[in-house]
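**Q** One file is attached below, upload17.txt, containing compact mmCIF, C-alpha atoms and all ligand atoms.
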# COMPACT_ATOMS: atom_id res chain seq x y z
CA MET A 1 0.00 0.00 0.00
CA ASN A 2 1.16 3.50 -0.72
CA ASP A 3 -1.07 6.25 0.56
CA THR A 4 1.41 8.85 1.75
CA SER A 5 1.44 10.96 -1.44
CA TYR A 6 -2.27 11.67 -1.14
CA ARG A 7 -2.50 12.60 2.48
CA SER A 8 -2.98 16.19 3.39
CA SER A 9 -2.20 17.86 6.71
CA LEU A 10 -4.23 15.40 8.74
CA THR A 11 -1.33 13.17 9.75
CA GLY A 12 -0.68 13.02 13.45
CA SER A 13 -2.38 11.42 16.37
CA SER A 14 -5.64 9.53 15.88
CA LEU A 15 -8.71 11.71 15.87
CA ARG A 16 -11.23 8.92 16.10
CA ASP A 17 -11.65 5.83 18.24
CA GLU A 18 -11.96 2.38 16.73
CA PRO A 19 -15.26 2.12 14.82
CA LYS A 20 -18.02 0.48 16.85
CA ARG A 21 -19.10 -1.47 13.84
CA VAL A 22 -17.83 -1.77 10.27
CA SER A 23 -20.29 -2.63 7.49
CA LEU A 24 -18.82 -4.37 4.49
CA VAL A 25 -21.06 -4.08 1.44
CA VAL A 26 -20.34 -6.60 -1.30
CA PRO A 27 -22.47 -6.93 -4.44
CA VAL A 28 -22.50 -10.49 -5.76
CA TYR A 29 -23.88 -11.61 -9.08
CA ASN A 30 -23.43 -15.32 -9.77
CA GLU A 31 -20.45 -15.48 -7.41
CA SER A 32 -21.28 -18.72 -5.53
CA ALA A 33 -17.78 -20.05 -6.27
CA ASN A 34 -16.22 -17.03 -4.53
CA LEU A 35 -18.36 -16.87 -1.38
CA SER A 36 -16.35 -19.15 0.94
CA ALA A 37 -13.00 -17.57 0.03
CA LEU A 38 -14.43 -14.07 0.36
CA ILE A 39 -15.98 -14.74 3.78
CA ALA A 40 -12.75 -16.35 5.03
CA ALA A 41 -10.63 -13.45 3.73
CA VAL A 42 -12.91 -10.85 5.33
CA SER A 43 -12.93 -12.70 8.64
CA ALA A 44 -9.11 -12.98 8.61
CA ALA A 45 -8.68 -9.30 7.74
CA MET A 46 -11.15 -7.99 10.32
CA GLY A 47 -9.82 -10.03 13.26
CA LEU A 48 -11.63 -8.99 16.43
CA CYS A 49 -13.19 -5.87 14.92
CA ALA A 50 -17.02 -5.91 15.05
CA TYR A 51 -18.47 -6.05 11.56
CA GLU A 52 -21.44 -7.01 9.42
CA LEU A 53 -20.88 -8.45 5.97
CA ILE A 54 -23.76 -7.46 3.70
CA LEU A 55 -23.77 -9.61 0.60
CA VAL A 56 -26.12 -8.05 -1.93
CA ASP A 57 -27.31 -10.78 -4.26
CA ASP A 58 -28.02 -8.96 -7.50
CA GLY A 59 -30.46 -11.48 -9.00
CA SER A 60 -28.03 -14.41 -9.22
CA THR A 61 -29.14 -17.65 -10.84
CA ASP A 62 -26.26 -19.88 -9.73
CA GLY A 63 -27.31 -20.53 -6.12
CA THR A 64 -25.48 -17.53 -4.64
CA ALA A 65 -28.47 -16.77 -2.35
CA GLU A 66 -28.53 -20.35 -1.04
CA GLY A 67 -24.77 -20.14 -0.42
CA ILE A 68 -25.25 -16.90 1.53
CA ALA A 69 -28.03 -18.52 3.60
CA THR A 70 -25.77 -21.45 4.53
CA HIS A 71 -22.94 -19.13 5.59
CA ALA A 72 -25.34 -16.82 7.46
CA GLN A 73 -26.57 -19.74 9.56
CA ALA A 74 -23.04 -20.43 10.71
CA ASP A 75 -21.94 -16.81 11.12
CA GLY A 76 -24.30 -14.17 12.54
CA ARG A 77 -22.24 -11.35 11.01
CA ILE A 78 -23.33 -12.33 7.50
CA ILE A 79 -26.43 -10.74 6.01
CA GLY A 80 -27.85 -11.45 2.56
CA LEU A 81 -29.86 -8.84 0.72
CA CYS A 82 -31.53 -10.48 -2.27
CA LEU A 83 -32.68 -8.11 -5.00
CA SER A 84 -35.70 -9.15 -7.05
CA ARG A 85 -33.65 -9.31 -10.27
CA ASN A 86 -30.35 -8.19 -11.71
CA PHE A 87 -30.30 -4.40 -11.26
CA GLY A 88 -26.57 -3.98 -11.87
CA HIS A 89 -23.47 -3.51 -9.75
CA GLN A 90 -24.06 0.19 -8.96
CA TYR A 91 -27.61 -0.35 -7.71
CA ALA A 92 -26.57 -3.41 -5.71
CA LEU A 93 -24.00 -1.17 -3.98
CA SER A 94 -26.65 1.46 -3.41
CA ALA A 95 -28.98 -1.15 -1.83
CA GLY A 96 -26.17 -2.23 0.49
CA LEU A 97 -25.47 1.37 1.50
CA LYS A 98 -29.11 1.86 2.46
CA TYR A 99 -29.03 -1.25 4.62
CA ALA A 100 -25.63 -0.77 6.28
CA THR A 101 -25.70 0.19 9.94
CA GLY A 102 -21.97 0.60 10.68
CA ASP A 103 -20.32 3.90 11.55
CA VAL A 104 -17.90 3.00 8.77
CA VAL A 105 -18.93 1.35 5.50
CA VAL A 106 -16.52 -0.40 3.14
CA MET A 107 -17.63 -1.42 -0.34
CA MET A 108 -15.76 -4.03 -2.30
CA ASP A 109 -16.19 -6.57 -5.08
CA GLY A 110 -17.08 -10.15 -4.35
CA ASP A 111 -14.38 -11.78 -6.49
CA LEU A 112 -11.47 -10.83 -4.18
CA GLN A 113 -10.06 -8.34 -6.70
CA HIS A 114 -10.41 -5.76 -3.93
CA PRO A 115 -8.10 -7.22 -1.27
CA PRO A 116 -9.93 -7.42 2.08
CA SER A 117 -6.50 -7.34 3.76
CA LEU A 118 -6.38 -3.58 3.02
CA VAL A 119 -9.49 -2.81 5.07
CA PRO A 120 -7.54 -2.36 8.36
CA ASP A 121 -5.32 0.22 6.60
CA MET A 122 -8.42 2.04 5.39
CA ILE A 123 -9.84 2.02 8.91
CA ARG A 124 -6.56 3.43 10.23
CA LEU A 125 -6.83 6.34 7.78
CA TRP A 126 -10.46 6.88 8.81
CA ARG A 127 -9.30 7.07 12.43
CA GLU A 128 -6.85 9.77 11.37
CA GLY A 129 -9.82 11.86 10.28
CA TYR A 130 -10.43 11.03 6.61
CA ASN A 131 -14.07 10.62 5.66
CA ILE A 132 -13.44 8.83 2.38
CA VAL A 133 -10.64 6.36 1.83
CA GLN A 134 -10.59 5.57 -1.85
CA GLY A 135 -8.97 2.44 -3.28
CA ARG A 136 -6.90 3.15 -6.37
CA ARG A 137 -5.97 0.22 -8.56
CA VAL A 138 -2.47 0.72 -9.95
CA ASP A 139 -2.40 -2.56 -11.83
CA THR A 140 -4.55 -5.59 -12.47
CA GLU A 141 -3.04 -9.02 -12.84
CA GLY A 142 -3.96 -10.57 -16.16
CA ILE A 143 -5.82 -7.54 -17.58
CA SER A 144 -5.73 -7.27 -21.39
CA SER A 145 -3.79 -4.32 -22.78
CA ARG A 146 -6.87 -3.35 -24.84
CA ARG A 147 -9.04 -3.04 -21.71
CA GLN A 148 -6.29 -1.09 -19.96
CA PHE A 149 -6.00 1.29 -22.93
CA PHE A 150 -9.75 1.95 -23.07
CA SER A 151 -9.93 2.41 -19.32
CA ARG A 152 -7.11 5.00 -19.40
CA MET A 153 -8.75 6.80 -22.30
CA TYR A 154 -12.12 6.82 -20.56
CA TYR A 155 -10.82 8.36 -17.34
CA GLY A 156 -9.05 11.05 -19.40
CA VAL A 157 -12.23 11.89 -21.34
CA PHE A 158 -14.25 11.86 -18.09
CA ARG A 159 -11.89 14.34 -16.43
CA PHE A 160 -11.85 16.57 -19.52
CA LEU A 161 -15.63 16.65 -20.03
CA CYS A 162 -16.79 16.60 -16.42
CA GLY A 163 -14.05 18.63 -14.72
CA ILE A 164 -14.03 16.14 -11.83
CA SER A 165 -10.74 14.84 -10.54
CA LEU A 166 -11.20 11.09 -10.92
CA ASP A 167 -7.90 9.23 -11.10
CA GLU A 168 -7.51 6.29 -13.37
CA GLY A 169 -8.02 3.12 -11.35
CA GLU A 170 -10.35 4.67 -8.75
CA SER A 171 -12.63 1.71 -8.32
CA ASP A 172 -15.64 0.90 -6.17
CA PHE A 173 -13.30 -0.25 -3.39
CA ARG A 174 -13.56 2.39 -0.71
CA LEU A 175 -14.33 3.22 2.87
CA LEU A 176 -16.97 5.82 3.71
CA ASP A 177 -17.72 7.51 6.99
CA ARG A 178 -21.34 7.21 8.14
CA SER A 179 -21.95 10.91 7.39
CA ILE A 180 -21.01 10.34 3.73
CA VAL A 181 -23.27 7.29 3.51
CA GLU A 182 -26.16 9.37 4.86
CA GLU A 183 -25.49 12.01 2.20
CA ILE A 184 -25.44 9.43 -0.60
CA ASN A 185 -28.61 7.76 0.68
CA LYS A 186 -30.38 11.11 0.48
CA MET A 187 -29.40 11.68 -3.15
CA GLN A 188 -31.76 11.08 -6.00
CA GLU A 189 -29.38 10.02 -8.73
CA GLY A 190 -31.12 8.65 -11.81
CA GLN A 191 -28.30 6.60 -13.27
CA LEU A 192 -25.69 5.82 -10.70
CA PHE A 193 -21.97 6.21 -11.28
CA LEU A 194 -20.71 6.00 -7.73
CA ARG A 195 -17.03 6.67 -8.38
CA GLY A 196 -17.90 9.90 -10.18
CA LEU A 197 -20.40 10.87 -7.52
CA ILE A 198 -17.95 10.30 -4.69
CA ALA A 199 -15.16 12.15 -6.51
CA TRP A 200 -17.63 15.01 -7.04
CA MET A 201 -18.53 15.13 -3.32
CA GLY A 202 -15.16 16.34 -2.10
CA TYR A 203 -14.59 15.93 1.68
CA ARG A 204 -11.38 14.89 3.35
CA ARG A 205 -10.08 11.91 1.49
CA ALA A 206 -7.09 9.61 1.35
CA LYS A 207 -6.22 7.09 -1.32
CA VAL A 208 -4.90 3.60 -0.95
CA ASP A 209 -3.04 2.09 -3.89
CA TYR A 210 -3.39 -1.61 -4.57
CA VAL A 211 -2.64 -4.17 -7.22
CA ALA A 212 -5.78 -6.10 -8.09
CA PRO A 213 -5.16 -9.82 -8.31
CA ALA A 214 -6.93 -11.82 -11.01
CA ARG A 215 -10.49 -12.86 -10.19
CA PHE A 216 -10.54 -15.68 -7.59
CA ALA A 217 -13.10 -17.77 -9.54
CA GLY A 218 -15.47 -17.33 -12.47
CA LYS A 219 -15.59 -14.74 -15.21
CA SER A 220 -16.15 -10.99 -15.17
CA LYS A 221 -19.82 -10.07 -14.85
CA TYR A 222 -19.26 -6.88 -16.78
CA ASN A 223 -19.88 -7.67 -20.41
CA LEU A 224 -19.23 -5.06 -23.09
CA ARG A 225 -22.82 -3.81 -22.99
CA LYS A 226 -22.76 -3.27 -19.20
CA MET A 227 -19.36 -1.60 -19.42
CA LEU A 228 -20.50 0.80 -22.14
CA ARG A 229 -23.67 1.60 -20.17
CA LEU A 230 -21.64 2.45 -17.08
CA ALA A 231 -19.21 4.56 -19.12
CA ARG A 232 -22.06 6.45 -20.81
CA SER A 233 -23.99 7.05 -17.62
CA GLY A 234 -20.80 8.34 -15.96
CA ILE A 235 -20.23 11.05 -18.54
CA LEU A 236 -23.87 11.98 -19.07
CA SER A 237 -24.52 12.24 -15.32
CA PHE A 238 -21.69 14.69 -14.75
CA SER A 239 -21.30 16.67 -17.95
CA THR A 240 -23.59 18.74 -20.12
CA ALA A 241 -20.82 19.17 -22.71
CA PRO A 242 -22.42 16.66 -25.13
CA MET A 243 -25.59 18.80 -25.06
CA ARG A 244 -23.55 21.80 -26.17
CA LEU A 245 -21.99 19.84 -28.99
CA GLY A 246 -24.77 21.23 -31.20
CA ILE A 247 -23.27 24.71 -31.00
CA VAL A 248 -19.82 23.48 -32.01
CA ALA A 249 -21.26 21.31 -34.79
CA GLY A 250 -23.41 24.19 -36.04
CA LEU A 251 -20.39 26.52 -36.14
CA CYS A 252 -18.27 23.95 -38.00
CA MET A 253 -21.08 23.36 -40.51
CA SER A 254 -21.45 27.10 -41.12
CA ALA A 255 -17.70 27.46 -41.64
CA LEU A 256 -17.70 24.54 -44.10
CA SER A 257 -20.62 25.95 -46.09
CA PHE A 258 -18.97 29.35 -46.18
CA LEU A 259 -15.74 27.83 -47.53
CA GLU A 260 -17.70 25.94 -50.14
CA LEU A 261 -19.47 29.14 -51.17
CA ILE A 262 -16.13 30.88 -51.69
CA TYR A 263 -14.86 27.89 -53.67
CA VAL A 264 -17.95 27.96 -55.97
CA LEU A 265 -17.65 31.73 -56.51
CA ILE A 266 -13.95 31.52 -57.39
CA ALA A 267 -14.60 28.57 -59.73
CA ARG A 268 -17.36 30.56 -61.47
CA ILE A 269 -15.13 33.62 -61.86
CA CYS A 270 -12.39 31.43 -63.36
CA GLY A 271 -14.94 29.94 -65.78
CA ALA A 272 -14.82 26.38 -64.38
CA THR A 273 -17.98 24.29 -63.92
CA VAL A 274 -18.74 23.07 -60.41
CA PRO A 275 -20.47 19.65 -60.30
CA GLY A 276 -23.41 20.37 -57.99
CA TRP A 277 -24.68 16.90 -57.02
CA ALA A 278 -21.44 15.57 -55.50
CA SER A 279 -20.90 18.42 -53.07
CA THR A 280 -24.64 18.49 -52.25
CA MET A 281 -24.62 14.80 -51.36
CA VAL A 282 -21.53 15.14 -49.18
CA LEU A 283 -22.97 18.10 -47.32
CA LEU A 284 -26.38 16.46 -46.93
CA SER A 285 -25.02 13.26 -45.43
CA LEU A 286 -22.70 15.23 -43.17
CA VAL A 287 -25.51 17.45 -41.92
CA PHE A 288 -27.88 14.54 -41.36
CA GLY A 289 -25.21 12.52 -39.58
CA VAL A 290 -24.48 15.35 -37.17
CA MET A 291 -28.18 16.09 -36.67
CA PHE A 292 -29.02 12.50 -35.75
CA LEU A 293 -26.05 12.34 -33.40
CA LEU A 294 -27.22 15.49 -31.63
CA MET A 295 -30.81 14.25 -31.45
CA GLY A 296 -29.58 11.00 -29.90
CA LEU A 297 -27.51 12.89 -27.33
CA GLN A 298 -30.38 15.16 -26.38
CA GLY A 299 -32.59 12.08 -26.14
CA GLU A 300 -30.17 10.67 -23.55
CA TYR A 301 -30.67 13.73 -21.34
CA LEU A 302 -34.43 13.65 -21.89
CA LEU A 303 -34.41 10.01 -20.87
CA ARG A 304 -32.90 10.99 -17.55
CA ILE A 305 -35.70 13.46 -16.91
CA TYR A 306 -38.25 10.84 -17.98
CA GLU A 307 -36.83 8.30 -15.55
CA ARG A 308 -36.87 10.87 -12.75
CA VAL A 309 -40.50 11.74 -13.41
CA GLN A 310 -41.52 8.08 -13.28
CA ARG A 311 -40.12 7.79 -9.76
CA ARG A 312 -39.57 4.06 -10.02
CA PRO A 313 -37.40 2.66 -7.25
CA ALA A 314 -33.79 2.07 -8.22
CA PHE A 315 -33.95 -1.53 -6.96
CA LEU A 316 -36.32 -3.91 -5.19
CA VAL A 317 -35.39 -6.15 -2.28
CA GLU A 318 -37.05 -9.53 -2.41
CA ARG A 319 -35.79 -10.95 0.88
CA VAL A 320 -33.24 -10.49 3.59
CA ILE A 321 -31.18 -13.38 4.90
CA GLY A 322 -29.78 -13.31 8.41
CA LYS A 323 -30.33 -10.83 11.20
CA ASN A 324 -31.89 -7.36 11.01
CA LYS A 325 -34.70 -8.79 8.91
CA ASN A 326 -36.98 -6.00 9.98
CA ALA A 327 -34.64 -3.18 9.07
CA ASN A 328 -36.54 -0.72 6.97
CA ILE A 329 -34.92 0.07 3.67
CA SER A 330 -36.50 2.68 1.52
CA THR A 331 -35.85 2.33 -2.21
CA ASP A 332 -37.94 5.38 -2.98
CA PRO A 333 -35.70 8.40 -3.55
CA LYS A 334 -38.48 10.58 -2.11
CA GLU A 335 -38.32 8.86 1.26
CA SER A 336 -34.64 8.04 1.40
N1 LIG B 1 -21.84 -7.38 -10.07
C1 LIG B 1 -23.16 -7.21 -9.69
N2 LIG B 1 -24.11 -7.05 -10.65
C2 LIG B 1 -23.81 -7.02 -11.98
C3 LIG B 1 -22.44 -7.15 -12.36
C4 LIG B 1 -21.48 -7.31 -11.37
O1 LIG B 1 -23.48 -7.22 -8.50
O2 LIG B 1 -24.72 -6.88 -12.80
C5 LIG B 1 -20.81 -7.55 -9.03
C6 LIG B 1 -19.91 -8.77 -9.23
O3 LIG B 1 -20.48 -9.93 -8.68
C7 LIG B 1 -18.64 -8.33 -8.53
C8 LIG B 1 -18.61 -6.82 -8.75
O4 LIG B 1 -19.95 -6.45 -9.10
O5 LIG B 1 -18.69 -8.58 -7.13
C9 LIG B 1 -17.68 -6.40 -9.87
O6 LIG B 1 -17.96 -7.17 -11.03
P1 LIG B 1 -16.84 -7.90 -11.85
O7 LIG B 1 -15.80 -8.46 -10.95
O8 LIG B 1 -17.47 -8.89 -12.77
O9 LIG B 1 -16.25 -6.68 -12.70
P2 LIG B 1 -14.75 -6.48 -13.22
O10 LIG B 1 -13.84 -6.66 -12.04
O11 LIG B 1 -14.52 -7.51 -14.27
O12 LIG B 1 -14.74 -5.08 -13.75
MG MG B 2 -13.80 -8.22 -10.72
Turn this file's structure into structure tokens for me.
Ligand code: UDP
Ligand code: MG

**A**
Amino acid sequence: MNDTSYRSSLTGSSLRDEPKRVSLVVPVYNESANLSALIAAVSAAMGLCAYELILVDDGSTDGTAEGIATHAQADGRIIGLCLSRNFGHQYALSAGLKYATGDVVVMMDGDLQHPPSLVPDMIRLWREGYNIVQGRRVDTEGISSRRQFFSRMYYGVFRFLCGISLDEGESDFRLLDRSIVEEINKMQEGQLFLRGLIAWMGYRRAKVDYVAPARFAGKSKYNLRKMLRLARSGILSFSTAPMRLGIVAGLCMSALSFLELIYVLIARICGATVPGWASTMVLLSLVFGVMFLLMGLQGEYLLRIYERVQRRPAFLVERVIGKNKNANISTDPKES
């Protein structure tokens, strides 16, 4: 771990006592093969510290819920939150945040790519006064160079368009103080992009670098479609620059037409004939292409308003496994 370069003036004696309870929120989608290893790793990392492990089953079909139930019978610290279908990683995290009761909440993946052994270091930084301790992945074992390239490019574009300082590799492995969790639970985000949201929030934060090992078992649950959806919702939730693209496109089009006009006039003066249909076709297809692109982009923003007006809950909880069965989770942004 290397967190020193990110720490501000808060170093010094501990400002906080040990947390009374740590909530670990782990979304799991078809991760039955990882459950035992994950639970063992969390237990080893947490030692005597009081914690609850909230496994959010995001509509798994491979017996993950049954696996959670078996573990919860043996270990009272394990809680299963079963969503009614697959709502996606971000919403599974959001469900876990609403349910967590700890004064410190740590979110991490269920495939052991976010090393549980770093949680005590995160807690130490929280005790020093940081409200957010963000995990930053500096490398991933076995990652393809193509995925790495696109990830680097995406973070660059995100920073440029959104003006939010989100470092490459800032993942959904982080510790949050209870006050931050309360803030997030109050928010009414349409399409969630937690890492952008948390980077946007500010507050006192430290970063913990880590190398992500390869997945313990199974395959990535992020297919290309899910990855693109997350990338799109990240940019569209934090930037209105694509909406303004119309102005830039309009200006470019006007400049092009003006240049063409000059070209036609000069050709006429010089006595040359200008073939009309070719340039008309090029301009027409260019204009229509740009117009459809802009309409699509504006539609994306409209869609967000439409979703907000519908006020559908972001996720539905079908059942809760383990203790705290009666805890009241509101999935309605109005009540949260
Ligand atoms: N996940 C989820 N719902 C989904 C997709 C993923 O809850 O629709 C969980 C998954 O089980 C894992 C975490 O989100 O615990 C991160 O997913 P994954 O490891 O597949 O992503 P990758 O590391 O490949 O980006
Ligand atoms: Mg993973």

**Q** Write out as CSV a residue-level contact list of chain A versus ligand LIG 1 (chain B) with cut-off 7 Å: for each qualifying residue the closest pair of atoms and the distance in Å to one decimal, counting only C-alpha atoms and all ligand atoms, rows sorted by chain and residue number upward.

**A**
residue,atom,partner,partner_atom,distance
A:Val26,CA,B:LIG1,O5,6.4
A:Pro27,CA,B:LIG1,O1,4.2
A:Val28,CA,B:LIG1,O3,3.6
A:Tyr29,CA,B:LIG1,O3,3.8
A:Asn30,CA,B:LIG1,O3,6.2
A:Glu31,CA,B:LIG1,O3,5.7
A:Asp57,CA,B:LIG1,O1,6.7
A:Asp58,CA,B:LIG1,O1,5.0
A:Asn86,CA,B:LIG1,O2,5.9
A:Phe87,CA,B:LIG1,O2,6.3
A:Gly88,CA,B:LIG1,O2,3.6
A:His89,CA,B:LIG1,N2,3.7
A:Ala92,CA,B:LIG1,O1,5.6
A:Asp109,CA,B:LIG1,O5,3.8
A:Gly110,CA,B:LIG1,O5,3.6
A:Asp111,CA,B:LIG1,O5,5.4
A:Gln113,CA,B:LIG1,O10,6.8
A:Arg215,CA,B:LIG1,O7,6.9
A:Lys219,CA,B:LIG1,O8,6.6
A:Ser220,CA,B:LIG1,O8,3.5
A:Lys221,CA,B:LIG1,O8,3.4
A:Tyr222,CA,B:LIG1,O8,4.8

**Q** Using all atoms listed in the file, find the one residue out of A:Ala65, A:Ala214, A:Ala37, A:Leu197 that sits nearest to ligand MG 2 (chain B).

**A** A:Ala214

**Q** Between A:Ala199, A:Met281, A:Ala217, A:Leu256, which residue has the minimum interatomic distance to ligand MG 2 (chain B), considering all atoms listed in the file?

**A**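 With all atoms listed in the file as the atom set, the closest residue is A:Ala217.
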
**Q** If we count only C-alpha atoms, what is near A:Glu189 at a cut-off of 10 Å, once residues fewer than 2 positions away on the same chain are taken out, given as a list in words?

**A**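 Near neighbours after the sequence-gap exclusion: Ile184, Asn185, Lys186, Met187, Gln191, Leu192, Phe193, Leu194, Leu197, Ser237, Arg304, Arg308, Ala314 and Pro333 of chain A.
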
**Q** Take atom CA of A:Leu112 and atom CA of A:Pro213 and report the distance between them in Å, one decimal.

**A** 7.6 Å

**Q** Which of these, A:Cys162, A:Leu283, A:Val119, A:Val25, has the shortest distance to A:Ile235 once you count all atoms listed in the file?

**A**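 Among the listed residues, the smallest separation from A:Ile235 belongs to A:Cys162.
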
**Q** Hey, can you check how far atom CA of A:Leu286 sits from atom CA of A:Ala267?

**A**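 Spanning atom CA of A:Leu286 to atom CA of A:Ala267 is a straight-line distance of 22.8 Å.
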
**Q** Choose the residue, out of A:Ile123, A:Ala212, A:Leu284, A:Leu294, that has the smallest atom-to-atom separation from A:Gly142; count all atoms listed in the file.

**A**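 Distance minimum relative to A:Gly142 lands on A:Ala212.
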
**Q** Considering all atoms listed in the file, return as a list in words whatever protein or nucleic-acid residues lie within 8 Å of A:Asn131, sequence-local ones (same chain, fewer than 5 positions apart) excluded.

**A**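 After dropping sequence-adjacent residues, the list is Trp126, Leu175, Leu176, Asp177, Ile180, Tyr203, Arg204 and Arg205 of chain A.
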
**Q** Of the candidates A:Leu35, A:Ala69, A:Ile54, A:Leu83, which shows the shortest atom-to-atom distance to A:Leu316, using only C-alpha atoms?

**A** A:Leu83

**Q** Please, what distance in Å, to one decimal, runs between atom CA of A:Leu259 and atom CA of A:Leu245?

**A**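 Pair atom CA of A:Leu259 / atom CA of A:Leu245 returns 21.1 Å.
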
**Q** Smallest atom-to-atom distance to ligand MG 2 (chain B): which of A:Leu24, A:Cys82, A:Leu161, A:Met108, using all atoms listed in the file?

**A** A:Met108

**Q** I need every residue sitting at most 10 Å from the point (-2.0, -2.5, -9.0) (coordinates as in the file, only C-alpha atoms considered), written as a count of residues only.

**A** 13
